[in-house]
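Colleague: This is coords-v5.pdb, which holds PDB, C-alpha atoms:
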MODEL        1
ATOM      1  CA  MET A   1       0.000   0.000   0.000
ATOM      2  CA  LEU A   2       3.059   2.244   0.176
ATOM      3  CA  SER A   3       2.850   2.730  -3.593
ATOM      4  CA  LEU A   4      -0.598   4.356  -3.484
ATOM      5  CA  CYS A   5      -0.214   8.005  -4.372
ATOM      6  CA  HIS A   6      -3.190  10.371  -4.487
ATOM      7  CA  GLU A   7      -3.646  13.674  -2.671
ATOM      8  CA  ASN A   8      -6.810  12.405  -0.934
ATOM      9  CA  VAL A   9      -5.428   9.022   0.152
ATOM     10  CA  LEU A  10      -3.390   9.271   3.339
ATOM     11  CA  LYS A  11       0.223   8.681   2.358
ATOM     12  CA  ALA A  12       2.182   6.017   4.220
ATOM     13  CA  TYR A  13       5.919   6.654   3.935
ATOM     14  CA  SER A  14       7.273   3.617   5.711
ATOM     15  CA  ILE A  15       6.323   0.622   7.811
ATOM     16  CA  CYS A  16       8.629  -0.376  10.659
ATOM     17  CA  ARG A  17       8.581  -3.222  13.130
ATOM     18  CA  LEU A  18      10.030  -3.066  16.605
ATOM     19  CA  ASN A  19       9.704  -6.361  18.473
ATOM     20  CA  ALA A  20       5.995  -7.227  18.314
ATOM     21  CA  LYS A  21       4.810  -3.712  17.412
ATOM     22  CA  ILE A  22       4.266  -2.348  13.920
ATOM     23  CA  PHE A  23       4.587   1.386  13.234
ATOM     24  CA  ILE A  24       3.314   3.124  10.116
ATOM     25  CA  ILE A  25       4.972   6.453   9.289
ATOM     26  CA  MET A  26       2.434   8.639   7.486
ATOM     27  CA  LYS A  27       1.534  12.210   6.650
ATOM     28  CA  TYR A  28       0.601  14.262   9.704
ATOM     29  CA  MET A  29      -3.010  15.486   9.573
ATOM     30  CA  ASN A  30      -3.056  18.040  12.380
ATOM     31  CA  GLN A  31      -6.843  18.456  12.653
ATOM     32  CA  GLY A  32      -7.261  14.733  13.209
ATOM     33  CA  SER A  33     -10.214  12.668  12.100
ATOM     34  CA  LEU A  34     -13.596  13.960  11.032
ATOM     35  CA  THR A  35     -14.921  12.436  14.258
ATOM     36  CA  ASN A  36     -12.572  14.705  16.257
ATOM     37  CA  VAL A  37     -13.382  17.765  14.157
ATOM     38  CA  LEU A  38     -17.105  17.190  14.647
ATOM     39  CA  SER A  39     -16.702  16.643  18.405
ATOM     40  CA  TYR A  40     -14.617  19.733  19.070
ATOM     41  CA  ASN A  41     -15.738  22.231  16.426
ATOM     42  CA  PHE A  42     -19.241  21.173  15.364
ATOM     43  CA  SER A  43     -20.865  19.529  18.384
ATOM     44  CA  ASN A  44     -24.303  20.213  16.882
ATOM     45  CA  GLY A  45     -23.308  18.958  13.430
ATOM     46  CA  ILE A  46     -22.128  20.778  10.327
ATOM     47  CA  LYS A  47     -24.843  23.117   9.036
ATOM     48  CA  ASP A  48     -22.875  24.570   6.108
ATOM     49  CA  THR A  49     -23.606  22.340   3.117
ATOM     50  CA  SER A  50     -20.513  23.585   1.273
ATOM     51  CA  ILE A  51     -18.292  22.089   4.005
ATOM     52  CA  ILE A  52     -20.150  18.779   3.785
ATOM     53  CA  ALA A  53     -19.963  18.811  -0.023
ATOM     54  CA  THR A  54     -16.202  19.465   0.092
ATOM     55  CA  ILE A  55     -15.562  16.548   2.464
ATOM     56  CA  VAL A  56     -17.715  14.211   0.366
ATOM     57  CA  LYS A  57     -16.050  15.378  -2.873
ATOM     58  CA  TYR A  58     -12.546  14.616  -1.595
ATOM     59  CA  CYS A  59     -13.612  11.230  -0.193
ATOM     60  CA  ALA A  60     -15.238  10.384  -3.538
ATOM     61  CA  LYS A  61     -12.015  11.318  -5.360
ATOM     62  CA  ALA A  62     -10.034   9.015  -3.047
ATOM     63  CA  LEU A  63     -12.486   6.154  -3.555
ATOM     64  CA  GLN A  64     -12.497   6.674  -7.309
ATOM     65  CA  PHE A  65      -8.695   6.416  -7.320
ATOM     66  CA  LEU A  66      -8.713   3.276  -5.161
ATOM     67  CA  HIS A  67     -11.416   1.591  -7.249
ATOM     68  CA  LYS A  68      -9.636   2.503 -10.480
ATOM     69  CA  ASN A  69      -6.611   0.670  -9.072
ATOM     70  CA  GLY A  70      -8.658  -2.408  -8.170
ATOM     71  CA  ILE A  71      -8.857  -1.700  -4.434
ATOM     72  CA  VAL A  72     -11.814  -1.312  -2.075
ATOM     73  CA  HIS A  73     -11.516   0.409   1.299
ATOM     74  CA  ARG A  74     -14.064  -1.633   3.329
ATOM     75  CA  ASP A  75     -14.173   0.714   6.356
ATOM     76  CA  ILE A  76     -15.441   4.166   5.362
ATOM     77  CA  LYS A  77     -16.422   6.133   8.468
ATOM     78  CA  ALA A  78     -15.792   9.540  10.047
ATOM     79  CA  SER A  79     -12.824   8.329  12.107
ATOM     80  CA  ASN A  80     -11.051   7.238   8.887
ATOM     81  CA  ILE A  81     -11.445  10.619   7.194
ATOM     82  CA  LEU A  82      -8.544  12.879   8.207
ATOM     83  CA  ILE A  83      -8.180  16.641   7.806
ATOM     84  CA  ASP A  84      -5.241  19.029   8.010
ATOM     85  CA  ASN A  85      -5.268  22.744   8.891
ATOM     86  CA  LYS A  86      -5.252  23.748   5.206
ATOM     87  CA  GLY A  87      -8.506  21.878   4.570
ATOM     88  CA  LEU A  88      -6.964  18.848   2.868
ATOM     89  CA  VAL A  89      -9.192  15.801   3.340
ATOM     90  CA  CYS A  90      -7.654  12.317   3.135
ATOM     91  CA  LEU A  91      -9.070   8.850   3.437
ATOM     92  CA  GLY A  92      -7.016   6.825   5.880
ATOM     93  CA  ASP A  93      -6.926   3.515   7.723
ATOM     94  CA  LEU A  94      -5.991   1.451   4.728
ATOM     95  CA  GLY A  95      -5.227  -1.589   6.855
ATOM     96  CA  ILE A  96      -8.161  -3.697   5.641
ATOM     97  CA  LEU A  97      -8.095  -2.824   1.963
ATOM     98  CA  GLY A  98      -9.289  -5.562  -0.287
ATOM     99  CA  LEU A  99      -8.608  -6.307  -3.909
ATOM    100  CA  HIS A 100     -11.667  -5.807  -6.025
ATOM    101  CA  ILE A 101     -12.242  -8.126  -8.911
ATOM    102  CA  GLU A 102     -15.700  -7.762 -10.404
ATOM    103  CA  THR A 103     -16.181 -11.474 -11.051
ATOM    104  CA  SER A 104     -14.973 -12.720  -7.682
ATOM    105  CA  LYS A 105     -16.862 -13.121  -4.438
ATOM    106  CA  SER A 106     -15.725 -12.255  -0.942
ATOM    107  CA  TYR A 107     -16.433 -14.173   2.212
ATOM    108  CA  SER A 108     -14.463 -12.016   4.617
ATOM    109  CA  PHE A 109     -15.925 -10.096   7.487
ATOM    110  CA  ALA A 110     -13.850  -6.914   7.733
ATOM    111  CA  GLY A 111     -14.664  -3.365   8.741
ATOM    112  CA  SER A 112     -16.753  -1.689  11.428
ATOM    113  CA  LEU A 113     -20.105  -3.328  12.149
ATOM    114  CA  PRO A 114     -22.284  -0.175  12.195
ATOM    115  CA  TRP A 115     -20.923   0.860   8.782
ATOM    116  CA  MET A 116     -21.180  -2.464   6.947
ATOM    117  CA  ALA A 117     -23.610  -3.100   4.116
ATOM    118  CA  PRO A 118     -26.443  -5.424   5.202
ATOM    119  CA  GLU A 119     -25.686  -7.652   2.201
ATOM    120  CA  ILE A 120     -22.471  -8.732   3.905
ATOM    121  CA  PHE A 121     -24.399 -10.282   6.803
ATOM    122  CA  GLU A 122     -27.032 -11.779   4.512
ATOM    123  CA  SER A 123     -24.527 -13.333   2.096
ATOM    124  CA  LEU A 124     -21.690 -14.731   4.200
ATOM    125  CA  GLU A 125     -22.306 -18.336   3.122
ATOM    126  CA  GLU A 126     -22.758 -17.586  -0.598
ATOM    127  CA  GLY A 127     -20.309 -14.708  -0.657
ATOM    128  CA  TYR A 128     -20.873 -11.137  -1.771
ATOM    129  CA  ASN A 129     -19.460  -9.163  -4.674
ATOM    130  CA  TYR A 130     -17.596  -5.869  -4.978
ATOM    131  CA  LYS A 131     -20.819  -3.798  -5.094
ATOM    132  CA  VAL A 132     -21.322  -3.977  -1.314
ATOM    133  CA  LYS A 133     -17.768  -2.948  -0.516
TER     134      LYS A 133
ENDMDL
END
Starting from the file, give its structure as structure tokens.
Modeller:
Amino acid sequence: MLSLCHENVLKAYSICRLNAKIFIIMKYMNQGSLTNVLSYNFSNGIKDTSIIATIVKYCAKALQFLHKNGIVHRDIKASNILIDNKGLVCLGDLGILGLHIETSKSYSFAGSLPWMAPEIFESLEEGYNYKVK
């Protein structure tokens, strides 16, 4: 995943291991996750639709890039959307990325339960395709 390069995909520079711990060196996003931004700056939610549209636009660009490269994220949520003080929005937490092949089926159970497509639960025995990822 170190080779992924898009302005809206959080850049990982290096992966290091020290004993049993793994460290990922990545771009510093000083505003933190969208969850943090909402908690501290918008406790009543974001009312300005242009801010919401900007966040969604940058996430869509990141997803378009990943999908074009045959990769699905599988864990889109506010805590995996990171923001810096210049307004750059990046999609992060690429640890459970999956390869996306339109003709193949998946049987894995990865991601955050509240954010998963219901088809994943309904189709675990038969498998599910890339459309639910």
Colleague: Name the residues in contact with range 33-39 of chain A at a cut-off of 6 Å, using only C-alpha atoms, excluding same-chain residues fewer than 5 positions from it; report them as an MDAnalysis selection string.
Modeller: chainID A and resid 78:79 81:82
Colleague: Can you write just those residues out, C-alpha atoms, as a compact mmCIF listing (two decimals), keeping the file's coordinate frame?
Modeller:
# COMPACT_ATOMS: atom_id res chain seq x y z
CA ALA A 78 -15.79 9.54 10.05
CA SER A 79 -12.82 8.33 12.11
CA ILE A 81 -11.44 10.62 7.19
CA LEU A 82 -8.54 12.88 8.21
Colleague: Around (7.3, 4.1, 6.2), as given in the file, which residues come within 6 Å? Count all atoms listed in the file and list them as an MDAnalysis selection string.
Modeller: chainID A and resid 12:15 24:25
Colleague: Report as a ChimeraX atom specification the full result of the PyMOL selection byres ((chain A and resi 11) around 10) when it is applied to this structure.
Modeller: /A:1-10,12-14,25-28,90-92,94
Colleague: Give me a file of those residues, with C-alpha atoms, as a PDB file, in the frame of the given file.
Modeller:
ATOM      1  CA  MET A   1       0.000   0.000   0.000  1.00  0.00           C
ATOM      2  CA  LEU A   2       3.059   2.244   0.176  1.00  0.00           C
ATOM      3  CA  SER A   3       2.850   2.730  -3.593  1.00  0.00           C
ATOM      4  CA  LEU A   4      -0.598   4.356  -3.484  1.00  0.00           C
ATOM      5  CA  CYS A   5      -0.214   8.005  -4.372  1.00  0.00           C
ATOM      6  CA  HIS A   6      -3.190  10.371  -4.487  1.00  0.00           C
ATOM      7  CA  GLU A   7      -3.646  13.674  -2.671  1.00  0.00           C
ATOM      8  CA  ASN A   8      -6.810  12.405  -0.934  1.00  0.00           C
ATOM      9  CA  VAL A   9      -5.428   9.022   0.152  1.00  0.00           C
ATOM     10  CA  LEU A  10      -3.390   9.271   3.339  1.00  0.00           C
ATOM     11  CA  ALA A  12       2.182   6.017   4.220  1.00  0.00           C
ATOM     12  CA  TYR A  13       5.919   6.654   3.935  1.00  0.00           C
ATOM     13  CA  SER A  14       7.273   3.617   5.711  1.00  0.00           C
ATOM     14  CA  ILE A  25       4.972   6.453   9.289  1.00  0.00           C
ATOM     15  CA  MET A  26       2.434   8.639   7.486  1.00  0.00           C
ATOM     16  CA  LYS A  27       1.534  12.210   6.650  1.00  0.00           C
ATOM     17  CA  TYR A  28       0.601  14.262   9.704  1.00  0.00           C
ATOM     18  CA  CYS A  90      -7.654  12.317   3.135  1.00  0.00           C
ATOM     19  CA  LEU A  91      -9.070   8.850   3.437  1.00  0.00           C
ATOM     20  CA  GLY A  92      -7.016   6.825   5.880  1.00  0.00           C
ATOM     21  CA  LEU A  94      -5.991   1.451   4.728  1.00  0.00           C
TER      22      LEU A  94
END
Colleague: For Asp84 in chain A, find every residue with an atom within 9 Å (counting all atoms listed in the file), except residues of its own chain fewer than 3 positions away, and show them as a PyMOL selection string.
Modeller: chain A and resi 28-32+87-90
Colleague: Compare A:Lys86, A:Ile52, A:Lys21, A:Asp93 by their minimum atom-to-atom distance to Val72 in chain A, counting only C-alpha atoms, and give me the closest one.
Modeller: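 The answer is A:Asp93, which sits nearest to Val72 in chain A.
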Colleague: Work out how far apart CA of Phe23 in chain A and CA of Asn80 in chain A are and give it in Å to one decimal.
Modeller: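 Taking CA of Phe23 in chain A as the start and CA of Asn80 in chain A as the end point, the length is 17.3 Å.
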Colleague: Might I get the box with edges along x, y and z of the file that holds all atoms of range 11-17 of chain A listed there, padded by 3 Å on every side, given as centre and edge lengths in Å to one decimal, as lines of an AutoDock Vina configuration file?
Modeller:
center_x = 4.4
center_y = 2.7
center_z = 7.7
size_x = 14.4
size_y = 17.9
size_z = 16.8
Colleague: Could you tell me which residues the PyMOL selection byres ((chain A and resi 60) around 12) grabs in this file, written as a ChimeraX atom specification?
Modeller: /A:8-9,53-59,61-68,73,76,81,89-91
Colleague: Mind giving me the straight-line distance from CA of Phe42 in chain A to CA of Lys77 in chain A in Å, one decimal?
Modeller: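 Going from CA of Phe42 in chain A over to CA of Lys77 in chain A covers 16.8 Å.
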Colleague: As an exercise, work out the distance from CA of Lys47 in chain A to CA of Ile83 in chain A in Å and give it to one decimal place.
Modeller: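 According to the coordinates, CA of Lys47 in chain A and CA of Ile83 in chain A are separated by 17.9 Å.
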Colleague: Because some atoms of range 74-91 of chain A are absent here, can you restore N, CA and C atoms and send them as a PDB file, keeping the file's coordinate frame?
Modeller:
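Printed below is result.pdb as written:
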ATOM      1  N   ARG A  74     -13.338  -0.759   2.408  1.00  0.00           N
ATOM      2  CA  ARG A  74     -14.064  -1.633   3.329  1.00  0.00           C
ATOM      3  C   ARG A  74     -14.270  -1.083   4.739  1.00  0.00           C
ATOM      4  N   ASP A  75     -13.918   0.166   5.014  1.00  0.00           N
ATOM      5  CA  ASP A  75     -14.173   0.714   6.356  1.00  0.00           C
ATOM      6  C   ASP A  75     -14.304   2.241   6.310  1.00  0.00           C
ATOM      7  N   ILE A  76     -15.218   2.724   5.475  1.00  0.00           N
ATOM      8  CA  ILE A  76     -15.441   4.166   5.362  1.00  0.00           C
ATOM      9  C   ILE A  76     -16.266   4.628   6.556  1.00  0.00           C
ATOM     10  N   LYS A  77     -15.722   5.539   7.326  1.00  0.00           N
ATOM     11  CA  LYS A  77     -16.422   6.133   8.468  1.00  0.00           C
ATOM     12  C   LYS A  77     -15.699   7.417   8.861  1.00  0.00           C
ATOM     13  N   ALA A  78     -16.332   8.220   9.686  1.00  0.00           N
ATOM     14  CA  ALA A  78     -15.792   9.540  10.047  1.00  0.00           C
ATOM     15  C   ALA A  78     -14.408   9.456  10.686  1.00  0.00           C
ATOM     16  N   SER A  79     -14.141   8.417  11.454  1.00  0.00           N
ATOM     17  CA  SER A  79     -12.824   8.329  12.107  1.00  0.00           C
ATOM     18  C   SER A  79     -11.713   7.963  11.134  1.00  0.00           C
ATOM     19  N   ASN A  80     -12.060   7.551   9.902  1.00  0.00           N
ATOM     20  CA  ASN A  80     -11.051   7.238   8.887  1.00  0.00           C
ATOM     21  C   ASN A  80     -10.924   8.326   7.828  1.00  0.00           C
ATOM     22  N   ILE A  81     -11.578   9.447   8.063  1.00  0.00           N
ATOM     23  CA  ILE A  81     -11.445  10.619   7.194  1.00  0.00           C
ATOM     24  C   ILE A  81     -10.632  11.637   7.994  1.00  0.00           C
ATOM     25  N   LEU A  82      -9.452  11.999   7.472  1.00  0.00           N
ATOM     26  CA  LEU A  82      -8.544  12.879   8.207  1.00  0.00           C
ATOM     27  C   LEU A  82      -8.416  14.224   7.516  1.00  0.00           C
ATOM     28  N   ILE A  83      -8.189  15.267   8.319  1.00  0.00           N
ATOM     29  CA  ILE A  83      -8.180  16.641   7.806  1.00  0.00           C
ATOM     30  C   ILE A  83      -6.962  17.367   8.364  1.00  0.00           C
ATOM     31  N   ASP A  84      -6.331  18.195   7.510  1.00  0.00           N
ATOM     32  CA  ASP A  84      -5.241  19.029   8.010  1.00  0.00           C
ATOM     33  C   ASP A  84      -5.721  20.475   8.127  1.00  0.00           C
ATOM     34  N   ASN A  85      -4.848  21.359   8.633  1.00  0.00           N
ATOM     35  CA  ASN A  85      -5.268  22.744   8.891  1.00  0.00           C
ATOM     36  C   ASN A  85      -5.430  23.578   7.623  1.00  0.00           C
ATOM     37  N   LYS A  86      -5.053  23.040   6.466  1.00  0.00           N
ATOM     38  CA  LYS A  86      -5.252  23.748   5.206  1.00  0.00           C
ATOM     39  C   LYS A  86      -6.540  23.303   4.517  1.00  0.00           C
ATOM     40  N   GLY A  87      -7.256  22.367   5.134  1.00  0.00           N
ATOM     41  CA  GLY A  87      -8.506  21.878   4.570  1.00  0.00           C
ATOM     42  C   GLY A  87      -8.364  20.651   3.697  1.00  0.00           C
ATOM     43  N   LEU A  88      -7.158  20.069   3.641  1.00  0.00           N
ATOM     44  CA  LEU A  88      -6.964  18.848   2.868  1.00  0.00           C
ATOM     45  C   LEU A  88      -7.690  17.703   3.567  1.00  0.00           C
ATOM     46  N   VAL A  89      -8.451  16.945   2.814  1.00  0.00           N
ATOM     47  CA  VAL A  89      -9.192  15.801   3.340  1.00  0.00           C
ATOM     48  C   VAL A  89      -8.594  14.538   2.733  1.00  0.00           C
ATOM     49  N   CYS A  90      -8.239  13.582   3.599  1.00  0.00           N
ATOM     50  CA  CYS A  90      -7.654  12.317   3.135  1.00  0.00           C
ATOM     51  C   CYS A  90      -8.390  11.141   3.750  1.00  0.00           C
ATOM     52  N   LEU A  91      -8.501  10.095   2.967  1.00  0.00           N
ATOM     53  CA  LEU A  91      -9.070   8.850   3.437  1.00  0.00           C
ATOM     54  C   LEU A  91      -7.930   8.018   4.000  1.00  0.00           C
TER      55      LEU A  91
END
